[in-house]
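The data block below is upload_17.cif; it holds mmCIF, C-alpha atoms.
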data_upload
loop_
_atom_site.label_atom_id
_atom_site.label_comp_id
_atom_site.auth_asym_id
_atom_site.auth_seq_id
_atom_site.Cartn_x
_atom_site.Cartn_y
_atom_site.Cartn_z
CA MET A 1 5.70 30.03 -11.03
CA GLN A 2 3.66 31.37 -8.11
CA CYS A 3 3.24 34.81 -9.70
CA ASP A 4 2.34 33.33 -13.10
CA SER A 5 -0.28 31.03 -11.67
CA THR A 6 -1.72 33.74 -9.44
CA GLU A 7 -2.01 36.10 -12.41
CA LEU A 8 -3.57 33.38 -14.52
CA MET A 9 -6.11 32.52 -11.83
CA THR A 10 -7.01 36.17 -11.42
CA ALA A 11 -7.65 36.29 -15.17
CA VAL A 12 -9.73 33.11 -14.91
CA LYS A 13 -11.84 34.72 -12.23
CA HIS A 14 -12.52 37.59 -14.58
CA GLY A 15 -13.73 35.29 -17.32
CA ASP A 16 -10.58 34.36 -19.27
CA ARG A 17 -11.13 30.71 -20.20
CA GLU A 18 -7.84 30.47 -22.10
CA ALA A 19 -5.98 31.45 -18.94
CA PHE A 20 -7.53 28.45 -17.24
CA ASP A 21 -6.31 26.13 -20.00
CA GLN A 22 -2.81 27.55 -19.54
CA LEU A 23 -3.06 27.08 -15.80
CA VAL A 24 -4.11 23.45 -16.20
CA ALA A 25 -1.35 22.76 -18.71
CA SER A 26 1.31 24.21 -16.41
CA LEU A 27 0.14 22.47 -13.25
CA ARG A 28 -1.32 19.14 -14.24
CA GLY A 29 1.97 17.23 -14.02
CA GLN A 30 2.55 18.52 -10.51
CA ALA A 31 -1.05 17.76 -9.53
CA PHE A 32 -0.75 14.24 -10.95
CA HIS A 33 2.40 13.43 -8.99
CA VAL A 34 0.93 14.70 -5.71
CA ALA A 35 -2.33 12.81 -6.28
CA ARG A 36 -0.46 9.65 -7.20
CA GLY A 37 1.68 9.96 -4.11
CA LEU A 38 -1.49 10.14 -2.03
CA VAL A 39 -3.75 7.57 -3.68
CA GLY A 40 -1.25 5.22 -5.34
CA SER A 41 -3.14 4.34 -8.48
CA ARG A 42 -2.11 6.08 -11.69
CA ASP A 43 -5.62 6.19 -13.14
CA ASP A 44 -7.18 7.45 -9.93
CA ALA A 45 -4.49 10.13 -9.70
CA LEU A 46 -5.22 11.22 -13.25
CA GLU A 47 -8.95 11.50 -12.61
CA LEU A 48 -8.56 13.16 -9.21
CA SER A 49 -6.21 15.76 -10.68
CA GLN A 50 -8.79 16.48 -13.34
CA GLU A 51 -11.51 16.69 -10.69
CA ALA A 52 -9.42 19.15 -8.67
CA PHE A 53 -9.08 21.40 -11.72
CA LEU A 54 -12.83 21.26 -12.31
CA LYS A 55 -13.46 22.19 -8.68
CA THR A 56 -10.96 25.02 -9.02
CA TYR A 57 -12.82 26.36 -12.04
CA ARG A 58 -16.18 26.06 -10.32
CA ALA A 59 -14.82 27.86 -7.26
CA ARG A 60 -13.24 30.69 -9.28
CA GLU A 61 -15.71 33.25 -7.92
CA THR A 62 -14.52 32.59 -4.38
CA TYR A 63 -10.86 33.13 -5.28
CA ARG A 64 -9.59 36.39 -3.83
CA ASP A 65 -7.65 38.57 -6.27
CA GLY A 66 -3.93 38.42 -5.61
CA GLU A 67 -4.15 35.53 -3.14
CA PRO A 68 -1.30 33.07 -3.81
CA PHE A 69 -2.92 30.53 -6.09
CA LEU A 70 -0.77 27.44 -5.59
CA PRO A 71 -1.52 26.85 -1.88
CA TRP A 72 -5.21 27.42 -2.63
CA PHE A 73 -5.10 24.88 -5.44
CA HIS A 74 -3.14 22.37 -3.38
CA ARG A 75 -5.78 22.53 -0.66
CA ILE A 76 -8.43 21.68 -3.26
CA LEU A 77 -6.31 18.86 -4.68
CA ARG A 78 -5.46 17.46 -1.26
CA ASN A 79 -9.08 17.53 -0.11
CA THR A 80 -10.21 15.91 -3.36
CA CYS A 81 -7.76 13.06 -2.75
CA TYR A 82 -8.72 12.82 0.93
CA SER A 83 -12.42 12.60 0.03
CA PHE A 84 -11.63 9.79 -2.40
CA LEU A 85 -9.55 7.95 0.21
CA ARG A 86 -12.21 8.46 2.84
CA LYS A 87 -14.91 7.03 0.55
CA ASN A 88 -12.71 3.97 0.11
CA GLY A 89 -12.10 3.69 3.86
CA ARG A 90 -8.39 4.35 3.45
CA LEU A 91 -8.01 7.62 5.34
CA LYS A 92 -7.28 7.43 9.04
CA LYS A 93 -6.35 9.95 11.64
CA ARG A 94 -2.90 9.47 13.08
CA SER A 95 -3.60 8.36 16.60
CA LEU A 96 -0.42 9.70 18.19
CA SER A 97 -0.53 13.18 16.76
CA PRO A 98 -1.79 15.93 19.06
CA ARG A 99 -2.81 18.01 16.04
CA PHE A 100 -6.01 16.20 15.27
CA GLY A 101 -9.36 17.56 16.11
CA ASP A 102 -12.69 16.25 14.88
CA ALA A 103 -13.41 14.00 11.96
CA ALA A 104 -13.61 16.83 9.44
CA ILE A 105 -10.80 16.99 6.93
CA ASP A 106 -8.35 19.33 8.55
CA ASP A 107 -6.05 20.97 6.10
CA ASP A 108 -3.27 21.33 8.61
CA ALA A 109 -3.50 17.80 9.97
CA ASP A 110 -1.42 14.79 9.15
CA TRP A 111 -3.23 11.73 7.87
CA GLU A 112 -2.42 8.10 7.62
CA ILE A 113 -3.41 6.33 4.43
CA ALA A 114 -4.20 2.64 4.59
CA ASP A 115 -2.90 1.05 1.44
CA ASP A 116 -5.16 -1.85 0.78
CA GLY A 117 -5.75 -0.59 -2.75
CA PRO A 118 -3.84 -1.77 -5.78
CA GLU A 119 -0.11 -1.47 -5.42
CA PRO A 120 1.46 1.03 -7.80
CA TRP A 121 3.61 -1.69 -9.35
CA ALA A 122 0.84 -4.27 -9.73
CA GLY A 123 0.48 -5.67 -13.21
CA VAL A 124 3.52 -3.96 -14.66
CA GLU A 125 7.05 -5.11 -15.18
CA SER A 126 8.95 -3.90 -12.19
CA ASP A 127 11.80 -4.88 -9.95
CA GLU A 128 12.17 -5.62 -6.30
CA ARG A 129 13.70 -2.24 -5.60
CA ALA A 130 10.69 -0.40 -7.00
CA GLN A 131 8.37 -2.60 -4.95
CA ALA A 132 10.42 -1.99 -1.82
CA PHE A 133 10.38 1.74 -2.51
CA TRP A 134 6.59 1.85 -2.83
CA ARG A 135 6.14 -0.28 0.28
CA GLY A 136 8.27 2.21 2.22
CA PHE A 137 6.59 5.19 0.59
CA ASN A 138 3.08 3.88 1.26
CA ALA A 139 3.87 3.47 4.94
CA LEU A 140 4.37 7.24 5.24
CA SER A 141 1.78 9.81 6.28
CA ALA A 142 -0.08 11.95 3.75
CA ARG A 143 2.01 14.97 4.70
CA ASP A 144 5.28 13.10 4.06
CA ARG A 145 4.06 11.68 0.78
CA GLU A 146 2.98 15.06 -0.50
CA ILE A 147 6.30 16.79 0.03
CA LEU A 148 8.30 13.79 -1.23
CA ALA A 149 6.16 13.63 -4.37
CA LEU A 150 6.80 17.30 -5.09
CA ARG A 151 10.53 16.95 -4.54
CA HIS A 152 11.30 13.52 -5.92
CA PHE A 153 8.64 12.85 -8.55
CA LYS A 154 8.15 16.39 -9.85
CA GLU A 155 11.66 17.53 -8.86
CA LEU A 156 10.55 20.98 -7.69
CA SER A 157 13.02 23.30 -6.00
CA TYR A 158 12.62 24.20 -2.34
CA ARG A 159 11.30 27.62 -3.43
CA ASP A 160 8.66 26.07 -5.68
CA ILE A 161 7.61 23.58 -2.99
CA ALA A 162 7.31 26.46 -0.52
CA ASP A 163 5.14 28.33 -3.02
CA ALA A 164 3.01 25.28 -3.74
CA LEU A 165 2.31 24.49 -0.11
CA GLY A 166 2.30 28.05 1.19
CA ILE A 167 4.97 27.41 3.81
CA PRO A 168 8.42 28.96 4.45
CA ILE A 169 11.53 27.38 2.88
CA GLY A 170 12.83 26.47 6.35
CA THR A 171 9.67 24.45 6.95
CA VAL A 172 10.08 22.78 3.56
CA MET A 173 13.60 21.71 4.50
CA SER A 174 12.55 20.48 7.90
CA ARG A 175 9.57 18.52 6.56
CA LEU A 176 11.63 17.10 3.72
CA PHE A 177 14.40 16.06 6.08
CA HIS A 178 12.04 14.18 8.38
CA ALA A 179 10.04 12.64 5.52
CA ARG A 180 13.23 11.38 3.88
CA ARG A 181 14.56 10.09 7.16
CA ARG A 182 11.37 8.07 7.67
CA LEU A 183 11.44 6.83 4.09
CA ARG A 184 15.08 5.78 4.38
CA GLU A 185 14.31 3.94 7.60
CA GLY A 186 11.46 2.18 5.81
CA LEU A 187 13.70 1.24 2.90
CA GLY A 188 16.24 -0.33 5.23
CA GLU A 189 18.89 -2.34 3.41
CA LEU A 190 17.95 -0.84 0.09
CA MET A 191 19.68 2.37 1.09
CA ASP A 192 22.90 0.51 1.86
CA ASP A 193 23.15 -1.14 -1.53
CA GLU A 194 25.62 0.08 -4.06
CA TRP A 195 22.91 0.24 -6.68
CA GLU A 196 22.99 3.37 -8.78
CA GLY A 197 20.08 2.71 -11.15
CA MET B 1 17.85 9.96 15.00
CA ASN B 2 14.36 11.40 15.23
CA GLY B 3 15.32 14.80 16.64
CA GLU B 4 15.56 18.09 14.82
CA PRO B 5 18.17 18.14 12.06
CA THR B 6 21.44 19.95 12.65
CA GLU B 7 22.50 22.76 10.35
CA GLU B 8 25.13 20.45 8.84
CA GLN B 9 22.51 17.79 8.08
CA LEU B 10 20.31 20.40 6.41
CA ASN B 11 23.31 21.59 4.42
CA ALA B 12 24.02 18.01 3.36
CA MET B 13 20.45 17.69 2.15
CA ALA B 14 20.54 21.03 0.33
CA TYR B 15 23.89 20.05 -1.22
CA ALA B 16 22.51 16.73 -2.48
CA ASP B 17 19.49 18.58 -3.87
CA GLY B 18 21.64 21.19 -5.63
CA GLU B 19 20.11 23.96 -3.54
CA LEU B 20 23.29 25.55 -2.16
CA ASP B 21 24.71 28.66 -3.80
CA ASP B 22 28.29 28.52 -5.11
CA ALA B 23 29.96 29.81 -1.96
CA ALA B 24 28.02 27.53 0.37
CA ARG B 25 28.60 24.57 -1.95
CA ARG B 26 32.38 25.11 -2.00
CA GLU B 27 32.43 25.47 1.77
CA PHE B 28 30.47 22.25 2.20
CA GLU B 29 32.65 20.35 -0.27
CA ALA B 30 35.74 21.42 1.70
CA LEU B 31 34.14 19.95 4.80
CA LEU B 32 33.21 16.59 3.24
CA PRO B 33 36.66 14.87 3.30
CA ARG B 34 36.81 15.41 7.06
CA ARG B 35 33.25 14.33 7.73
CA PRO B 36 32.49 10.79 6.54
CA ASP B 37 29.10 10.94 8.29
CA LEU B 38 28.04 13.84 6.07
CA ALA B 39 29.52 12.18 2.98
CA ARG B 40 27.46 9.08 3.74
CA GLU B 41 24.36 11.24 4.24
CA VAL B 42 24.87 12.85 0.83
CA ALA B 43 25.48 9.47 -0.81
CA GLN B 44 22.27 8.05 0.66
CA LEU B 45 20.22 11.05 -0.40
CA ARG B 46 21.54 10.74 -3.93
CA ARG B 47 20.74 7.05 -3.94
CA LEU B 48 17.22 7.92 -2.86
CA GLN B 49 16.93 10.47 -5.68
CA VAL B 50 18.01 7.92 -8.27
CA LEU B 51 15.61 5.34 -6.89
CA ALA B 52 12.68 7.80 -6.77
CA ARG B 53 13.35 8.89 -10.35
CA HIS B 54 13.43 5.25 -11.37
CA VAL B 55 10.04 4.44 -9.83
CA ALA B 56 8.23 7.72 -10.56
CA GLY B 57 7.34 6.77 -14.10
CA PRO B 58 6.34 9.17 -16.84
CA GLU B 59 3.69 11.83 -16.48
CA PRO B 60 0.46 11.20 -18.36
CA MET B 61 0.61 12.10 -22.03
CA ASP B 62 -1.40 14.97 -23.51
CA THR B 63 -3.71 12.45 -25.15
CA GLU B 64 -4.60 10.96 -21.75
CA TRP B 65 -5.52 14.36 -20.34
CA ALA B 66 -7.50 15.16 -23.47
CA ARG B 67 -9.38 11.86 -23.29
CA LEU B 68 -10.25 12.49 -19.67
CA ALA B 69 -11.34 16.07 -20.31
CA ALA B 70 -13.62 14.86 -23.08
CA ASP B 71 -15.32 12.39 -20.79
CA PRO B 72 -15.99 13.99 -17.40
CA LEU B 73 -18.63 11.39 -16.49
CA HIS B 74 -16.18 8.51 -16.86
CA ARG B 75 -15.64 7.85 -13.15
CA GLY B 76 -19.30 8.27 -12.20
CA GLY B 77 -20.47 6.07 -15.05
CA ARG B 78 -18.01 3.33 -14.22
CA GLY B 79 -18.93 3.39 -10.53
CA LEU B 80 -22.65 3.35 -11.30
CA GLY B 81 -22.22 0.51 -13.78
CA LEU B 82 -20.25 -1.58 -11.31
CA GLY B 83 -22.76 -0.84 -8.55
CA LEU B 84 -25.72 -1.81 -10.71
CA LEU B 85 -23.99 -4.97 -11.89
CA LEU B 86 -23.23 -6.07 -8.33
CA ALA B 87 -26.69 -5.09 -7.06
CA GLY B 88 -28.33 -7.01 -9.91
CA GLY B 89 -26.08 -10.02 -9.34
CA THR B 90 -26.80 -10.01 -5.62
CA GLY B 91 -30.55 -9.58 -6.11
CA GLY B 92 -30.69 -12.27 -8.76
CA THR B 93 -28.72 -14.68 -6.63
CA VAL B 94 -30.93 -14.13 -3.59
CA TRP B 95 -34.08 -14.51 -5.69
CA ALA B 96 -32.79 -17.70 -7.31
CA ALA B 97 -31.76 -19.09 -3.91
CA ILE B 98 -35.25 -18.47 -2.51
CA GLU B 99 -36.84 -20.11 -5.55
CA ILE B 100 -34.62 -23.15 -5.18
CA LEU B 101 -35.41 -23.46 -1.46
CA ARG B 102 -39.15 -23.12 -2.12
CA GLY B 103 -39.11 -25.62 -4.99
CA GLU B 104 -39.83 -29.28 -4.69
CA LEU B 105 -36.36 -30.54 -5.48
CA PRO B 106 -34.80 -33.18 -3.24
CA ILE B 107 -32.34 -31.84 -0.67
CA TRP B 108 -29.25 -32.94 -2.61
CA GLY B 109 -30.61 -31.16 -5.69
CA LYS B 110 -31.17 -27.97 -3.71
CA ALA B 111 -27.68 -28.21 -2.21
CA GLY B 112 -26.12 -28.73 -5.65
CA LEU B 113 -27.99 -25.87 -7.28
CA GLY B 114 -27.32 -23.65 -4.27
CA ALA B 115 -23.59 -24.38 -4.46
CA LEU B 116 -23.60 -23.71 -8.20
CA LEU B 117 -25.37 -20.41 -7.69
CA LEU B 118 -23.19 -19.30 -4.81
CA GLY B 119 -20.02 -20.34 -6.65
CA SER B 120 -21.04 -18.41 -9.77
CA PHE B 121 -21.85 -15.33 -7.71
CA LEU B 122 -18.56 -15.47 -5.81
CA LEU B 123 -16.62 -15.90 -9.04
CA LEU B 124 -18.43 -12.91 -10.57
CA VAL B 125 -17.74 -10.68 -7.56
CA THR B 126 -14.08 -11.67 -7.16
CA THR B 127 -13.39 -11.36 -10.89
CA ILE B 128 -14.97 -7.91 -11.12
CA ARG B 129 -13.20 -6.80 -7.96
CA ALA B 130 -9.81 -8.08 -9.09
CA ARG B 131 -10.22 -6.54 -12.53
CA ALA B 132 -11.35 -3.20 -11.13
CA ARG B 133 -8.31 -3.12 -8.85
CA THR B 134 -5.72 -4.06 -11.46
CA LEU B 135 -7.13 -2.33 -14.53
CA PRO B 136 -5.32 0.97 -13.85
CA PHE B 137 -2.01 -0.93 -14.00
CA ASP B 138 -2.72 -3.11 -16.98
CA PRO B 139 0.08 -2.25 -19.42
CA TYR B 140 -1.89 -3.55 -22.39
CA THR B 141 -4.72 -1.01 -22.08
CA GLU B 142 -2.35 1.72 -23.20
CA ILE B 143 -1.28 0.08 -26.45
CA GLN B 144 -2.37 2.18 -29.40
CA ARG B 145 -2.75 0.39 -32.70
#

Write-out of the structure in structure tokens:
Amino acid sequence: MQCDSTELMTAVKHGDREAFDQLVASLRGQAFHVARGLVGSRDDALELSQEAFLKTYRARETYRDGEPFLPWFHRILRNTCYSFLRKNGRLKKRSLSPRFGDAAIDDDADWEIADDGPEPWAGVESDERAQAFWRGFNALSARDREILALRHFKELSYRDIADALGIPIGTVMSRLFHARRRLREGLGELMDDEWEG
Amino acid sequence: MNGEPTEEQLNAMAYADGELDDAARREFEALLPRRPDLAREVAQLRRLQVLARHVAGPEPMDTEWARLAADPLHRGGRGLGLGLLLAGGTGGTVWAAIEILRGELPIWGKAGLGALLLGSFLLLVTTIRARARTLPFDPYTEIQR
């Protein structure tokens, strides 16, 4: 997937508009799930994914030939979502993390998202387990949500997640382990049920 | 609990995710009957997978992407419209309140009209706010006749 998308983006940079349509079609589901994991709302996620693709197209001249495309795109998508959350006053620095610097959006930083927006289950038929899941999920940091969305909502392999985020597989496993551990702690009794869907 | 995962815990996670190759999978499965802690870890991870799949919901349909692509000004237009509506409502309410206070109505008349005005404005704001927040999750907006 990484090679395909990198080749497609290189073609886009050299003026191939059809390559961009292919790129969008192959990545929009993934982009949607990550955006939804970050912002919660389905409609916002849809629009922010679209916005990230538009930014990608506008920035095509700055793309370096052969540079892995997926991490580059994910930075654009992540920053698009962060800008949206910041405008809505929902993005906060994690106070206990030593990684944070100034107020600028730091790609490598971990961010806390205040979820005073609409709940993902609001207005739709849902059950208590789904609500409990989203409550636990929304209590996680942006970094945790991103990797969990790629694994659980888009069901990407470790290799594909590593390609998407531009990190080694070992780091994927470590981040996933900790994110899941925190989510399971947040879900509490739900994880002890015998429910199997 | 919050420390670095052991190799066995990472293997349990990779096993639950179907990421182990055949040899590693067989080796891990041979270990499971003797390690109830790892078996429980695998069971919980699988439960989490089922739950996440259940709540993830479907990806947007092609028609939704197409509709969005055809209308790139949608978000900006909606935001501008809402902003103008609220600014107009606020301005109109303030203007009307000043006119009522300046008028020659008796105090109870001013209080009544003021309450009516303020109530209408609050209802407008809360209704628009509630609708704007729940619209993305309204299941009936996606019905196609």

**Prompt:** Could you write out as a ChimeraX atom specification the residues that the PyMOL selection byres ((chain B and resi 9) around 12) matches in the shown file?
**Reply:** /A:173-174,176-178,181 /B:1,3-8,10-16,28,32,35,37-42,45

**Item:** Residue members of the PyMOL selection byres ((chain B and resi 82-98) around 9) in the file shown, as a list in words
**Value:**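 Here the PyMOL selection byres ((chain B and resi 82-98) around 9) matches Gly77, Arg78, Gly79, Leu80, Gly81, Glu99, Ile100, Leu101, Arg102, Gly103, Lys110, Leu113, Gly114, Leu117, Leu118, Phe121, Leu124, Val125 and Ile128 of chain B.
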
**Request:** Please work out which residues fall within 12 Å of (-12.3, 15.6, -14.9), coordinates as given in the file, with all atoms listed in the file counting, and return them as an NGL selection string.
**Result:** (:A and (24 or 28 or 43-57 or 80)) or (:B and (64-76))

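The interatomic distance for the pair CA of Leu187 (chain A) and CA of Arg145 (chain A) works out to 14.4 Å.
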
**Asked** So which one's closest to Ala149 (chain A), A:Asp21, A:Ala35, A:Ile76, A:Asp65? Using only C-alpha atoms, please.
**Response** A:Ala35
